[in-house]
>>> print(open('start27.txt').read())   # compact mmCIF, C-alpha atoms
# COMPACT_ATOMS: atom_id res chain seq x y z
CA MET J 1 0.00 0.00 0.00
CA THR J 2 1.45 3.36 -1.00
CA ASN J 3 1.72 6.31 1.43
CA GLN J 4 -0.86 8.18 -0.64
CA THR J 5 -3.35 5.30 -0.27
CA LYS J 6 -2.68 5.09 3.46
CA ALA J 7 -3.26 8.85 3.76
CA GLN J 8 -6.55 8.47 1.87
CA PHE J 9 -7.72 5.71 4.21
CA ILE J 10 -6.79 7.82 7.24
CA ALA J 11 -8.49 10.95 5.84
CA VAL J 12 -11.76 9.11 5.24
CA ALA J 13 -11.65 7.25 8.56
CA SER J 14 -10.91 10.49 10.45
CA ILE J 15 -14.19 12.04 9.21
CA THR J 16 -16.21 9.63 11.32
CA SER J 17 -14.01 10.31 14.31
CA GLU J 18 -14.24 14.12 13.97
CA LEU J 19 -17.97 13.97 13.35
CA SER J 20 -18.69 11.84 16.38
CA ALA J 21 -17.22 14.70 18.44
CA VAL J 22 -19.44 17.16 16.52
CA MET J 23 -22.44 14.99 17.33
CA VAL J 24 -21.68 15.13 21.06
CA VAL J 25 -21.35 18.90 20.92
CA ALA J 26 -24.56 19.31 18.90
CA LYS J 27 -26.39 17.33 21.57
CA GLU J 28 -24.88 19.63 24.19
CA ILE J 29 -26.27 22.63 22.29
CA SER J 30 -29.66 20.99 22.26
CA LEU J 31 -29.43 20.53 26.01
CA ALA J 32 -28.28 24.13 26.45
CA ALA J 33 -31.30 25.25 24.41
CA ALA J 34 -33.68 23.33 26.68
CA ASN J 35 -31.95 24.78 29.72
CA ALA J 36 -32.13 28.29 28.28
CA LYS J 37 -35.81 27.87 27.53
CA ALA J 38 -36.53 26.95 31.14
CA ILE J 39 -34.53 29.94 32.42
CA ALA J 40 -36.19 32.28 29.94
CA PHE J 41 -39.60 31.00 31.03
CA ARG J 42 -38.79 31.70 34.67
CA ALA J 43 -37.37 35.12 33.79
CA GLY J 44 -40.63 36.07 32.07
CA ASP J 45 -40.62 39.60 30.62
CA LYS J 46 -37.01 40.16 31.65
CA ALA J 47 -35.90 37.57 29.08
CA LYS J 48 -38.58 38.18 26.52
CA GLY J 49 -36.04 38.60 23.72
CA PHE J 50 -34.29 35.42 24.74
CA GLN J 51 -37.26 33.09 24.28
CA PRO J 52 -37.33 32.99 20.45
CA ILE J 53 -33.56 32.59 20.50
CA THR J 54 -33.84 29.36 22.52
CA ASP J 55 -36.18 27.88 19.90
CA PHE J 56 -33.71 28.89 17.23
CA ILE J 57 -30.80 27.31 19.10
CA ASN J 58 -32.77 24.08 19.51
CA GLU J 59 -33.69 24.00 15.84
CA LEU J 60 -30.08 24.60 14.87
CA ALA J 61 -28.87 21.76 17.09
CA LYS J 62 -31.47 19.39 15.65
CA GLU J 63 -30.51 20.25 12.10
CA THR J 64 -26.82 19.82 12.89
CA ILE J 65 -27.48 16.36 14.40
CA GLU J 66 -29.48 15.39 11.33
CA LEU J 67 -26.78 16.65 8.97
CA VAL J 68 -24.01 14.86 10.84
CA THR J 69 -26.02 11.61 10.89
CA ASN J 70 -26.36 11.83 7.10
CA ILE J 71 -22.70 12.71 6.65
CA ASN J 72 -21.68 9.71 8.75
CA ILE J 73 -23.66 7.41 6.44
CA TYR J 74 -22.02 9.12 3.49
CA ALA J 75 -18.58 8.81 5.08
CA LEU J 76 -19.13 5.05 5.38
CA VAL J 77 -19.97 4.90 1.67
CA LEU J 78 -16.81 6.87 0.96
CA TYR J 79 -14.77 4.46 3.08
CA ARG J 80 -16.13 1.48 1.15
CA LEU J 81 -15.30 3.28 -2.06
CA THR J 82 -11.75 3.82 -0.80
CA VAL J 83 -11.42 0.07 -0.17
CA GLU J 84 -12.87 -0.67 -3.62
CA GLU J 85 -10.51 1.79 -5.26
CA PHE J 86 -7.57 0.19 -3.48
CA GLN J 87 -8.64 -3.27 -4.66
CA LYS J 88 -9.14 -2.09 -8.25
CA THR J 89 -5.73 -0.42 -8.22
CA VAL J 90 -4.08 -3.61 -6.93
CA THR J 91 -5.85 -5.58 -9.67
CA TYR J 92 -4.77 -3.17 -12.38
CA ASN J 93 -1.16 -3.24 -11.18
CA LYS J 94 -1.14 -7.05 -11.09
CA PHE J 95 -2.68 -7.26 -14.57
CA GLU J 96 -0.15 -4.80 -15.94
CA LEU J 97 2.65 -6.81 -14.35
CA ALA J 98 1.25 -10.03 -15.84
CA ALA J 99 1.09 -8.39 -19.28
CA LYS J 100 4.67 -7.21 -18.92
CA MET J 101 5.89 -10.60 -17.75
CA ALA J 102 4.05 -12.28 -20.62
CA GLU J 103 5.93 -10.30 -23.28
CA GLY J 104 7.02 -12.77 -25.93
CA ALA J 105 4.36 -15.34 -24.96
CA VAL J 106 2.24 -16.68 -27.82
CA HIS J 107 -0.97 -15.38 -26.28
CA ALA J 108 0.42 -12.26 -24.59
CA LYS J 109 -1.90 -9.94 -26.52
CA SER J 110 -4.98 -11.59 -25.04
CA MET J 111 -4.08 -9.95 -21.70
CA GLN J 112 -4.70 -6.49 -23.13
CA GLU J 113 -8.49 -6.66 -22.74
CA PRO J 114 -8.38 -7.54 -19.00
CA VAL J 115 -5.75 -4.81 -18.49
CA ASP J 116 -7.98 -2.24 -20.24
CA HIS J 117 -11.03 -3.31 -18.24
CA ALA J 118 -9.10 -3.16 -14.98
CA LYS J 119 -7.83 0.32 -15.85
CA LEU J 120 -11.34 1.55 -16.62
CA ALA J 121 -12.69 0.05 -13.39
CA MET J 122 -9.91 1.72 -11.39
CA GLN J 123 -10.47 5.08 -13.09
CA ASP J 124 -14.21 4.81 -12.53
CA CYS J 125 -13.58 4.27 -8.81
CA GLN J 126 -11.26 7.27 -8.70
CA ARG J 127 -13.89 9.42 -10.46
CA ARG J 128 -16.63 8.29 -8.08
CA PHE J 129 -14.34 8.97 -5.13
CA ARG J 130 -13.62 12.52 -6.30
CA ARG J 131 -17.31 13.12 -6.97
CA ASP J 132 -18.33 11.80 -3.54
CA VAL J 133 -15.61 13.83 -1.83
CA SER J 134 -16.98 16.98 -3.49
CA GLN J 135 -20.48 16.13 -2.29
CA LEU J 136 -19.25 15.40 1.20
CA LEU J 137 -17.38 18.69 1.27
CA GLY J 138 -20.67 20.39 0.35
CA GLN J 139 -22.39 18.71 3.27
CA LEU J 140 -19.58 19.67 5.60
CA GLU J 141 -19.94 23.27 4.39
CA ALA J 142 -23.58 23.12 5.49
CA VAL J 143 -22.47 22.11 9.00
CA MET J 144 -19.96 24.96 8.98
CA HIS J 145 -22.81 27.29 8.04
CA HIS J 146 -24.76 26.05 11.07
CA ALA J 147 -21.72 26.61 13.28
CA ARG J 148 -21.39 30.18 12.03
CA ALA J 149 -25.10 30.76 12.62
CA ALA J 150 -24.72 29.39 16.15
CA ARG J 151 -21.99 31.90 16.87
CA VAL J 152 -24.21 34.77 15.70
CA ILE J 153 -26.97 33.45 17.93
CA ALA J 154 -24.53 33.23 20.81
CA ALA J 155 -23.62 36.91 20.29
CA ASN J 156 -27.32 37.88 20.23
CA SER J 157 -27.91 35.77 23.31
CA ARG J 158 -25.26 37.72 25.21
CA ILE J 159 -27.02 41.01 24.35
CA GLU J 160 -30.39 39.64 25.39
CA ALA J 161 -28.88 38.14 28.54
CA SER J 162 -27.53 41.55 29.58
CA GLN J 163 -31.13 42.76 29.94
CA ALA J 164 -32.30 39.82 32.01
CA GLY J 165 -31.51 41.18 35.47
CA GLU J 166 -30.86 38.45 38.02
CA TYR J 167 -30.97 35.88 35.20
CA LEU J 168 -28.03 37.51 33.47
CA GLN J 169 -25.45 35.00 34.66
CA SER J 170 -27.50 31.91 33.79
CA LEU J 171 -28.36 33.17 30.34
CA GLN J 172 -24.80 34.31 29.71
CA ALA J 173 -23.62 30.83 30.61
CA VAL J 174 -26.02 29.48 27.99
CA ALA J 175 -24.63 31.92 25.42
CA GLU J 176 -21.07 30.91 26.32
CA SER J 177 -21.94 27.27 26.03
CA VAL J 178 -23.46 27.76 22.57
CA ASP J 179 -20.48 29.81 21.45
CA LYS J 180 -18.00 27.23 22.68
CA ALA J 181 -19.92 24.42 21.02
CA ALA J 182 -20.05 26.35 17.76
CA HIS J 183 -16.29 26.81 17.92
CA THR J 184 -15.72 23.11 18.45
CA ILE J 185 -18.01 22.17 15.56
CA HIS J 186 -16.30 24.70 13.33
CA ASP J 187 -12.81 23.41 14.19
CA ASN J 188 -13.65 19.71 13.82
CA VAL J 189 -15.48 20.17 10.56
CA GLN J 190 -12.70 22.37 9.27
CA ARG J 191 -10.21 19.57 9.94
CA CYS J 192 -12.41 17.17 7.96
CA ARG J 193 -12.55 19.60 5.08
CA ILE J 194 -8.79 20.12 5.03
CA ALA J 195 -8.19 16.34 5.14
CA LEU J 196 -10.56 15.77 2.24
CA SER J 197 -9.98 18.83 0.09
CA ILE J 198 -6.74 17.47 -1.39
CA TYR J 199 -8.72 14.60 -2.92
CA ARG J 200 -11.38 16.76 -4.53
CA ASN J 201 -9.27 17.64 -7.56
CA SER J 202 -6.44 15.15 -7.22
CA MET V 1 8.23 -19.45 -13.56
CA LYS V 2 9.49 -22.84 -14.67
CA MET V 3 7.19 -24.74 -17.03
CA THR V 4 7.43 -28.51 -17.46
CA LYS V 5 5.21 -30.45 -19.81
CA ILE V 6 4.41 -33.72 -18.03
CA TYR V 7 1.93 -35.22 -20.48
CA GLU V 8 1.32 -34.76 -24.17
CA GLY V 9 -1.40 -36.71 -25.89
CA SER V 10 -4.87 -35.67 -27.00
CA HIS V 11 -4.40 -32.99 -24.37
CA GLN V 12 -1.52 -31.63 -22.30
CA TRP V 13 -0.53 -31.40 -18.65
CA ILE V 14 1.92 -28.64 -17.77
CA MET V 15 3.46 -28.09 -14.37
CA PHE V 16 4.37 -24.54 -13.29
CA GLY V 17 6.59 -23.80 -10.33
CA ARG V 18 9.99 -22.83 -8.95
CA ASP V 19 9.15 -19.17 -9.53
CA GLU V 20 12.40 -17.26 -9.13
CA GLY V 21 10.60 -13.98 -8.43
CA LYS V 22 8.62 -15.43 -5.54
CA PRO V 23 9.12 -13.61 -2.21
CA ASN V 24 11.22 -15.79 0.12
CA ASN V 25 8.72 -15.73 2.94
CA ILE V 26 5.90 -17.48 1.08
CA ILE V 27 5.80 -21.21 0.49
CA ASP V 28 6.76 -22.52 -2.95
CA THR V 29 3.86 -24.10 -4.84
CA ASN V 30 3.30 -26.19 -7.95
CA GLN V 31 0.49 -25.22 -10.26
CA TYR V 32 -0.83 -27.49 -12.98
CA VAL V 33 -2.61 -26.76 -16.23
CA VAL V 34 -4.65 -29.17 -18.29
CA ARG V 35 -4.88 -27.87 -21.83
CA THR V 36 -7.33 -29.18 -24.41
CA THR V 37 -7.86 -27.73 -27.89
CA ASN V 38 -10.04 -24.82 -26.81
CA ARG V 39 -10.07 -24.92 -23.06
CA CYS V 40 -7.70 -24.64 -20.17
CA LEU V 41 -8.05 -25.80 -16.57
CA LEU V 42 -5.83 -24.41 -13.81
CA LEU V 43 -5.35 -26.75 -10.85
CA ASP V 44 -4.63 -25.00 -7.53
CA PRO V 45 -3.77 -21.73 -9.34
CA GLY V 46 -1.94 -20.32 -6.33
CA GLY V 47 -1.85 -17.31 -4.05
CA ALA V 48 -2.45 -13.66 -4.90
CA GLU V 49 1.30 -13.03 -4.88
CA LEU V 50 1.69 -15.56 -7.64
CA PHE V 51 -1.07 -14.29 -9.91
CA ALA V 52 1.04 -12.21 -12.33
CA PRO V 53 3.80 -14.80 -12.99
CA MET V 54 1.22 -17.57 -13.20
CA MET V 55 -0.97 -15.68 -15.67
CA ALA V 56 2.11 -14.74 -17.71
CA ALA V 57 3.20 -18.39 -17.79
CA VAL V 58 -0.24 -19.64 -18.81
CA LEU V 59 -0.26 -17.17 -21.71
CA HIS V 60 2.49 -19.25 -23.29
CA HIS V 61 -0.10 -22.01 -23.67
CA ALA V 62 -3.55 -20.44 -23.88
CA PRO V 63 -5.21 -17.06 -24.43
CA VAL V 64 -7.11 -15.53 -21.51
CA ASN V 65 -10.53 -16.30 -22.99
CA GLN V 66 -9.71 -20.02 -23.13
CA ILE V 67 -8.97 -20.24 -19.41
CA THR V 68 -12.38 -21.65 -18.69
CA ASP V 69 -11.94 -23.66 -15.50
CA LEU V 70 -10.20 -23.40 -12.15
CA PHE V 71 -9.93 -26.13 -9.56
CA ALA V 72 -9.13 -25.62 -5.87
CA SER V 73 -8.30 -28.81 -3.98
CA HIS V 74 -9.10 -27.01 -0.71
CA GLN V 75 -9.35 -23.55 0.82
CA ASP V 76 -5.77 -22.67 1.70
CA PRO V 77 -4.41 -19.24 0.62
CA ASP V 78 -1.45 -20.78 -1.26
CA VAL V 79 -4.01 -22.75 -3.26
CA ILE V 80 -6.54 -20.12 -4.25
CA SER V 81 -6.12 -16.67 -2.68
CA SER V 82 -5.60 -15.42 -6.25
CA LEU V 83 -9.29 -16.13 -6.91
CA GLY V 84 -10.32 -12.45 -6.69
CA LEU V 85 -7.85 -11.58 -9.43
CA TRP V 86 -8.83 -14.46 -11.72
CA ASP V 87 -12.41 -13.40 -11.08
CA GLN V 88 -11.71 -10.02 -12.67
CA ALA V 89 -9.57 -11.36 -15.50
CA LEU V 90 -11.81 -14.20 -16.70
CA THR V 91 -15.21 -13.49 -18.15
CA ASN V 92 -16.47 -17.03 -18.69
CA ALA V 93 -14.98 -19.38 -16.14
CA LYS V 94 -15.99 -21.89 -13.50
CA LEU V 95 -14.37 -22.69 -10.19
CA HIS V 96 -14.61 -26.35 -9.18
CA ALA V 97 -14.04 -26.49 -5.43
CA PRO V 98 -15.31 -28.36 -2.37
CA ALA V 99 -18.95 -27.56 -1.58
CA LEU V 100 -17.88 -27.45 2.06
CA TRP V 101 -15.72 -24.39 1.44
CA GLU V 102 -18.03 -22.35 -0.79
CA GLY V 103 -19.00 -19.74 1.80
CA PHE V 104 -15.37 -19.43 2.85
CA LEU V 105 -13.81 -19.24 -0.61
CA ARG V 106 -16.24 -16.53 -1.65
CA HIS V 107 -14.41 -14.27 0.81
CA TYR V 108 -11.68 -14.09 -1.84
CA SER V 109 -14.34 -12.63 -4.18
CA CYS V 110 -16.05 -14.80 -6.76
CA ASP V 111 -18.57 -12.69 -8.64
CA SER V 112 -18.09 -13.35 -12.34
CA ILE V 113 -16.66 -16.86 -11.96
CA GLU V 114 -19.30 -19.54 -11.44
CA TYR V 115 -18.69 -21.59 -8.29
CA VAL V 116 -19.30 -25.27 -9.04
CA PRO V 117 -19.49 -26.99 -5.65
CA ILE V 118 -18.00 -30.50 -5.48
CA PRO V 119 -20.08 -32.76 -3.25
CA ASP V 120 -18.32 -34.81 -0.57
CA ASN V 121 -18.36 -37.98 -2.68
CA GLY V 122 -16.53 -36.31 -5.57
CA GLY V 123 -17.46 -35.83 -9.21
CA SER V 124 -15.82 -34.98 -12.49
CA ILE V 125 -14.74 -32.13 -14.72
CA LYS V 126 -15.43 -32.45 -18.41
CA LEU V 127 -12.98 -30.54 -20.54
CA GLU V 128 -14.00 -31.10 -24.14
CA SER V 129 -13.25 -34.82 -24.72
CA VAL V 130 -11.26 -35.18 -21.51
CA GLU V 131 -12.99 -36.30 -18.32
CA LEU V 132 -11.12 -35.74 -15.09
CA GLN V 133 -12.18 -37.49 -11.90
CA LEU V 134 -12.42 -35.62 -8.61
CA ILE V 135 -11.17 -37.99 -5.93
CA PRO V 136 -12.21 -37.33 -2.31
CA ALA V 137 -9.20 -36.72 -0.07
CA HIS V 138 -10.95 -35.33 2.99
CA TYR V 139 -8.79 -34.54 6.02
CA LEU V 140 -5.65 -34.71 3.87
CA HIS V 141 -5.14 -32.19 5.17
CA SER V 142 -8.27 -30.10 4.81
CA SER V 143 -11.67 -31.32 6.01
CA GLY V 144 -13.07 -30.74 2.49
CA ASN V 145 -10.38 -31.84 0.05
CA PHE V 146 -10.22 -33.31 -3.47
CA HIS V 147 -7.55 -34.57 -5.83
CA VAL V 148 -7.77 -34.74 -9.62
CA TYR V 149 -7.20 -37.95 -11.53
CA ASP V 150 -6.78 -38.11 -15.29
CA PRO V 151 -7.26 -41.76 -16.39
CA GLN V 152 -5.98 -40.99 -19.87
CA ALA V 153 -2.76 -39.27 -18.81
CA LYS V 154 -2.54 -41.45 -15.67
CA ILE V 155 -1.76 -38.43 -13.54
CA LEU V 156 -3.04 -37.86 -10.03
CA MET V 157 -2.79 -34.27 -8.87
CA SER V 158 -2.56 -34.95 -5.14
CA GLY V 159 -2.75 -31.54 -3.47
CA ASP V 160 -0.74 -31.48 -0.26
CA VAL V 161 -0.25 -35.28 -0.24
CA GLY V 162 3.28 -36.03 -1.39
CA GLY V 163 4.39 -32.51 -0.61
CA ALA V 164 7.79 -31.48 0.67
CA ILE V 165 9.49 -28.16 1.37
CA GLU V 166 12.80 -27.72 -0.38
CA GLY V 167 15.00 -24.85 -1.45
CA PRO V 168 14.78 -22.90 -4.71
CA GLY V 169 15.77 -24.63 -7.92
CA THR V 170 14.81 -28.10 -6.70
CA PRO V 171 14.29 -30.63 -9.56
CA VAL V 172 10.66 -31.24 -10.45
CA PHE V 173 10.80 -35.06 -10.12
CA VAL V 174 11.99 -37.22 -7.24
CA ASP V 175 15.25 -38.79 -8.39
CA ASN V 176 16.21 -40.64 -5.21
CA PHE V 177 13.21 -41.78 -3.20
CA ALA V 178 15.21 -42.90 -0.15
CA ALA V 179 16.87 -39.50 0.10
CA HIS V 180 13.57 -37.69 -0.49
CA VAL V 181 11.76 -39.39 2.39
CA GLU V 182 13.28 -37.18 5.06
CA LYS V 183 12.24 -34.06 3.15
CA MET V 184 8.58 -35.01 3.38
CA ARG V 185 8.34 -36.88 6.69
CA TYR V 186 7.54 -33.94 9.00
CA TRP V 187 5.30 -32.39 6.34
CA HIS V 188 3.01 -35.41 6.36
CA GLN V 189 3.24 -36.15 10.07
CA ARG V 190 2.35 -32.58 11.06
CA TRP V 191 -0.07 -31.46 8.37
CA MET V 192 -2.07 -34.64 7.91
CA PRO V 193 -4.36 -35.07 10.90
CA SER V 194 -5.96 -38.50 10.50
CA ASN V 195 -4.52 -42.00 10.11
CA GLN V 196 -7.98 -43.28 9.25
CA ALA V 197 -8.45 -40.71 6.48
CA LYS V 198 -4.98 -41.55 5.18
CA ARG V 199 -5.75 -45.30 5.02
CA VAL V 200 -9.07 -44.72 3.20
CA TRP V 201 -7.34 -42.45 0.67
CA ILE V 202 -4.50 -44.92 0.04
CA GLU V 203 -7.00 -47.73 -0.50
CA ARG V 204 -8.87 -45.58 -2.99
CA VAL V 205 -5.77 -44.41 -4.82
CA ARG V 206 -4.19 -47.87 -5.07
CA ASN V 207 -7.06 -48.76 -7.41
CA LEU V 208 -6.01 -46.06 -9.85
CA ASP V 209 -3.47 -46.54 -12.59
CA ILE V 210 -1.00 -43.75 -11.87
CA ASP V 211 2.14 -42.83 -13.81
CA ILE V 212 2.70 -39.49 -12.12
CA LEU V 213 1.69 -38.34 -8.67
CA ALA V 214 1.77 -34.56 -8.77
CA PRO V 215 1.66 -32.74 -5.41
CA GLN V 216 1.14 -29.02 -4.87
CA HIS V 217 4.53 -28.64 -3.17
CA GLY V 218 7.93 -30.15 -3.84
CA ARG V 219 8.67 -32.82 -6.40
CA MET V 220 6.47 -35.09 -8.48
CA PHE V 221 6.71 -38.89 -8.27
CA LYS V 222 6.77 -41.03 -11.38
CA GLY V 223 6.82 -44.71 -12.20
CA ASP V 224 7.75 -46.98 -9.29
CA ASP V 225 8.20 -44.00 -6.96
CA VAL V 226 4.40 -43.63 -6.92
CA LYS V 227 4.02 -47.06 -5.30
CA ARG V 228 7.00 -46.39 -3.05
CA PHE V 229 5.34 -43.22 -1.87
CA LEU V 230 2.00 -44.95 -1.16
CA ASP V 231 3.77 -47.71 0.82
CA TRP V 232 5.81 -45.19 2.78
CA PHE V 233 2.75 -43.03 3.50
CA ASP V 234 0.76 -46.12 4.52
CA ALA V 235 3.32 -46.95 7.21
CA LEU V 236 3.64 -43.38 8.51
CA GLN V 237 1.87 -42.26 11.69
CA VAL V 238 0.34 -38.85 11.15
CA GLY V 239 -1.32 -36.26 13.37
CA ILE V 240 1.66 -36.04 15.72
CA ALA V 241 0.92 -32.70 17.35
CA VAL V 242 -1.64 -33.99 19.85
>>> encode(input="start27.txt", output="structure tokens")
Amino acid sequence: MTNQTKAQFIAVASITSELSAVMVVAKEISLAAANAKAIAFRAGDKAKGFQPITDFINELAKETIELVTNINIYALVLYRLTVEEFQKTVTYNKFELAAKMAEGAVHAKSMQEPVDHAKLAMQDCQRRFRRDVSQLLGQLEAVMHHARAARVIAANSRIEASQAGEYLQSLQAVAESVDKAAHTIHDNVQRCRIALSIYRNS
Amino acid sequence: MKMTKIYEGSHQWIMFGRDEGKPNNIIDTNQYVVRTTNRCLLLDPGGAELFAPMMAAVLHHAPVNQITDLFASHQDPDVISSLGLWDQALTNAKLHAPALWEGFLRHYSCDSIEYVPIPDNGGSIKLESVELQLIPAHYLHSSGNFHVYDPQAKILMSGDVGGAIEGPGTPVFVDNFAAHVEKMRYWHQRWMPSNQAKRVWIERVRNLDIDILAPQHGRMFKGDDVKRFLDWFDALQVGIAV
């Protein structure tokens, strides 16, 4: 196995690992949203502006979880494709070697058709891999978009929290928690994107 | 890959082995080809490492589209781990292999090749006008195991029975049976698990008219050495590791 193939296996496998961390954080946001809603309810008019924000945070967390679940399924498909591509490449290399070793044999030319087929199969795998990587990068961009939105919400939450009197600290903690979670999601997803981006046009 | 024609009549038997390019850490194997006018059968075609030299060697005798049949005496990787590669190279081929091992052998990938399961009591392979008999050799050493007998060429391809491990460049035929015995003693004592299975097989094989006994490892036996081997094997206690 070449270093490039190993790197490809690692890149694809690391997506699942990074995304499982994202999933944990998205669930934390969801919990923070529920917590914030309860606080906002107790705060009544003092946290009037905070109440719609909590619904928004919850919705965002749900969508992120859904997206990550789908991406994980997709990442598994991509991993299988990586294995298939590796197998097709091994086959092509073995066929090429056989053709080379058969030079001078009476029936050497009959190996050309299997070599051509193996090459096409390998190239098809490589094309599908690049296509699927592009699609996965698109899905990861959607998660990034959610992370950015969460950070904006966190900023708005801080402003709303400042007007909540004795509930200020609790609501600020919620805002901090959302902001921190958004950061983590952003960083993890960004690592996935960097790991995969070299394969998009390779 | 060394090629030795061991029978030439209405059809041919060719032995392939002693591959000089073989990595040192994998066991040396003999592959056999039965060639008829338009078809070609590979017996124990070998491991994945051996695919390229084996295919290249076969192309001296047959084009790819005439490689129509593969036979695997049992499930070992040195016998048939190349299956996944043959499966992608051959568009119209059958694999004759023990029914017992079908679910296992398919792990090597067998999508385009048709798996023809051999029942426990054996069967035959028809290759144009040539009919080869599949002789049960269960527990020698594998629990589902067959050998191939060609009554016309009087050749018995005997899988691991008769095998020996020797260095590179070893001659293809036994030339001094007494000296060869020590090279195959441990092989048979350790790999063959059952004295009962051994006795049944010897009884069965003694009824066949054999000129050449062709194992998957080491040297082939011809003429009187075939009987010498059967007598020696008959007297040997096997299954020594318990």
>>> closest_residue(input="start27.txt", among="V:Val116, V:Ala178, V:Val79, V:Ile67", to="chain J", atoms="only C-alpha atoms")
V:Ile67
>>> interface_residues(input="start27.txt", of="chain J", to="chain V", cutoff="10 Å", atoms="only C-alpha atoms", output="PyMOL selection string")
chain J and resi 87-88+90-115+117-118
>>> residues_around(input="start27.txt", residues="stretch 28-32 of chain V", least_positions_apart="5", cutoff="6 Å", atoms="only C-alpha atoms", output="list in words")
Ile14, Met15, Phe16, Gly17, Leu42, Leu43, Asp44, Pro45, Gln216 and His217 of chain V
>>> residues_around(input="start27.txt", residues="stretch 120-133 of chain J", least_positions_apart="4", cutoff="7 Å", atoms="only C-alpha atoms", output="CSV table (one decimal) with C-alpha atoms, in the frame of the given file")
chain,number,residue,atom,x,y,z
J,78,LEU,CA,-16.8,6.9,1.0
J,81,LEU,CA,-15.3,3.3,-2.1
J,85,GLU,CA,-10.5,1.8,-5.3
J,88,LYS,CA,-9.1,-2.1,-8.2
J,89,THR,CA,-5.7,-0.4,-8.2
J,116,ASP,CA,-8.0,-2.2,-20.2
J,137,LEU,CA,-17.4,18.7,1.3
J,196,LEU,CA,-10.6,15.8,2.2
J,199,TYR,CA,-8.7,14.6,-2.9
J,200,ARG,CA,-11.4,16.8,-4.5
J,201,ASN,CA,-9.3,17.6,-7.6
>>> residues_near_point(input="start27.txt", point="(-5.4, -46.6, 0.5)", cutoff="8 Å", atoms="all atoms listed in the file", output="list in words")
Lys198, Arg199, Val200, Trp201, Ile202, Glu203, Arg204, Val205, Arg206, Leu230 and Asp234 of chain V
>>> atom_distance(input="start27.txt", atom1="atom CA of J:Lys6", atom2="atom CA of V:Pro77")
24.6 Å
>>> residues_around(input="start27.txt", residues="J:Lys37", least_positions_apart="3", cutoff="7 Å", atoms="all atoms listed in the file", output="list in words")
Ala33, Ala34, Ala40, Phe41, Gln51 and Thr54 of chain J
>>> write_last_selection(input="start27.txt", atoms="C-alpha atoms", output="PDB file, in the frame of the given file")
ATOM      1  CA  ALA J  33     -31.300  25.250  24.410  1.00  0.00           C
ATOM      2  CA  ALA J  34     -33.680  23.330  26.680  1.00  0.00           C
ATOM      3  CA  ALA J  40     -36.190  32.280  29.940  1.00  0.00           C
ATOM      4  CA  PHE J  41     -39.600  31.000  31.030  1.00  0.00           C
ATOM      5  CA  GLN J  51     -37.260  33.090  24.280  1.00  0.00           C
ATOM      6  CA  THR J  54     -33.840  29.360  22.520  1.00  0.00           C
TER       7      THR J  54
END
>>> residues_around(input="start27.txt", residues="V:Leu213", least_positions_apart="5", cutoff="12 Å", atoms="all atoms listed in the file", output="PyMOL selection string")
chain V and resi 6+15+32+147-150+153-163+172-174+205-206+208+218-230
>>> atom_distance(input="start27.txt", atom1="atom CA of V:Met1", atom2="atom CA of V:Pro117")
29.8 Å
>>> residues_around(input="start27.txt", residues="stretch 58-60 of chain J", least_positions_apart="5", cutoff="12 Å", atoms="only C-alpha atoms", output="JSON, numbers by chain")
{"J": [26, 27, 28, 29, 30, 31, 32, 33, 34, 35, 36, 37, 51, 52, 53, 65, 66, 67, 142, 143, 144, 145, 146, 147, 148, 149, 150, 151, 152, 153, 154, 178, 181, 182]}
>>> write_last_selection(input="start27.txt", atoms="C-alpha atoms", output="CSV table (one decimal), keeping the file's coordinate frame")
chain,number,residue,atom,x,y,z
J,26,ALA,CA,-24.6,19.3,18.9
J,27,LYS,CA,-26.4,17.3,21.6
J,28,GLU,CA,-24.9,19.6,24.2
J,29,ILE,CA,-26.3,22.6,22.3
J,30,SER,CA,-29.7,21.0,22.3
J,31,LEU,CA,-29.4,20.5,26.0
J,32,ALA,CA,-28.3,24.1,26.4
J,33,ALA,CA,-31.3,25.2,24.4
J,34,ALA,CA,-33.7,23.3,26.7
J,35,ASN,CA,-32.0,24.8,29.7
J,36,ALA,CA,-32.1,28.3,28.3
J,37,LYS,CA,-35.8,27.9,27.5
J,51,GLN,CA,-37.3,33.1,24.3
J,52,PRO,CA,-37.3,33.0,20.4
J,53,ILE,CA,-33.6,32.6,20.5
J,65,ILE,CA,-27.5,16.4,14.4
J,66,GLU,CA,-29.5,15.4,11.3
J,67,LEU,CA,-26.8,16.6,9.0
J,142,ALA,CA,-23.6,23.1,5.5
J,143,VAL,CA,-22.5,22.1,9.0
J,144,MET,CA,-20.0,25.0,9.0
J,145,HIS,CA,-22.8,27.3,8.0
J,146,HIS,CA,-24.8,26.0,11.1
J,147,ALA,CA,-21.7,26.6,13.3
J,148,ARG,CA,-21.4,30.2,12.0
J,149,ALA,CA,-25.1,30.8,12.6
J,150,ALA,CA,-24.7,29.4,16.2
J,151,ARG,CA,-22.0,31.9,16.9
J,152,VAL,CA,-24.2,34.8,15.7
J,153,ILE,CA,-27.0,33.4,17.9
J,154,ALA,CA,-24.5,33.2,20.8
J,178,VAL,CA,-23.5,27.8,22.6
J,181,ALA,CA,-19.9,24.4,21.0
J,182,ALA,CA,-20.0,26.4,17.8
>>> axis_aligned_box(input="start27.txt", around="stretch 84-89 of chain V", padding_each_side="3 Å", output="AutoDock Vina command-line options")
--center_x -10.1 --center_y -12.2 --center_z -11.1 --size_x 10.6 --size_y 10.4 --size_z 14.8
>>> atom_distance(input="start27.txt", atom1="atom CA of V:Val33", atom2="atom CA of V:Pro171")
18.6 Å
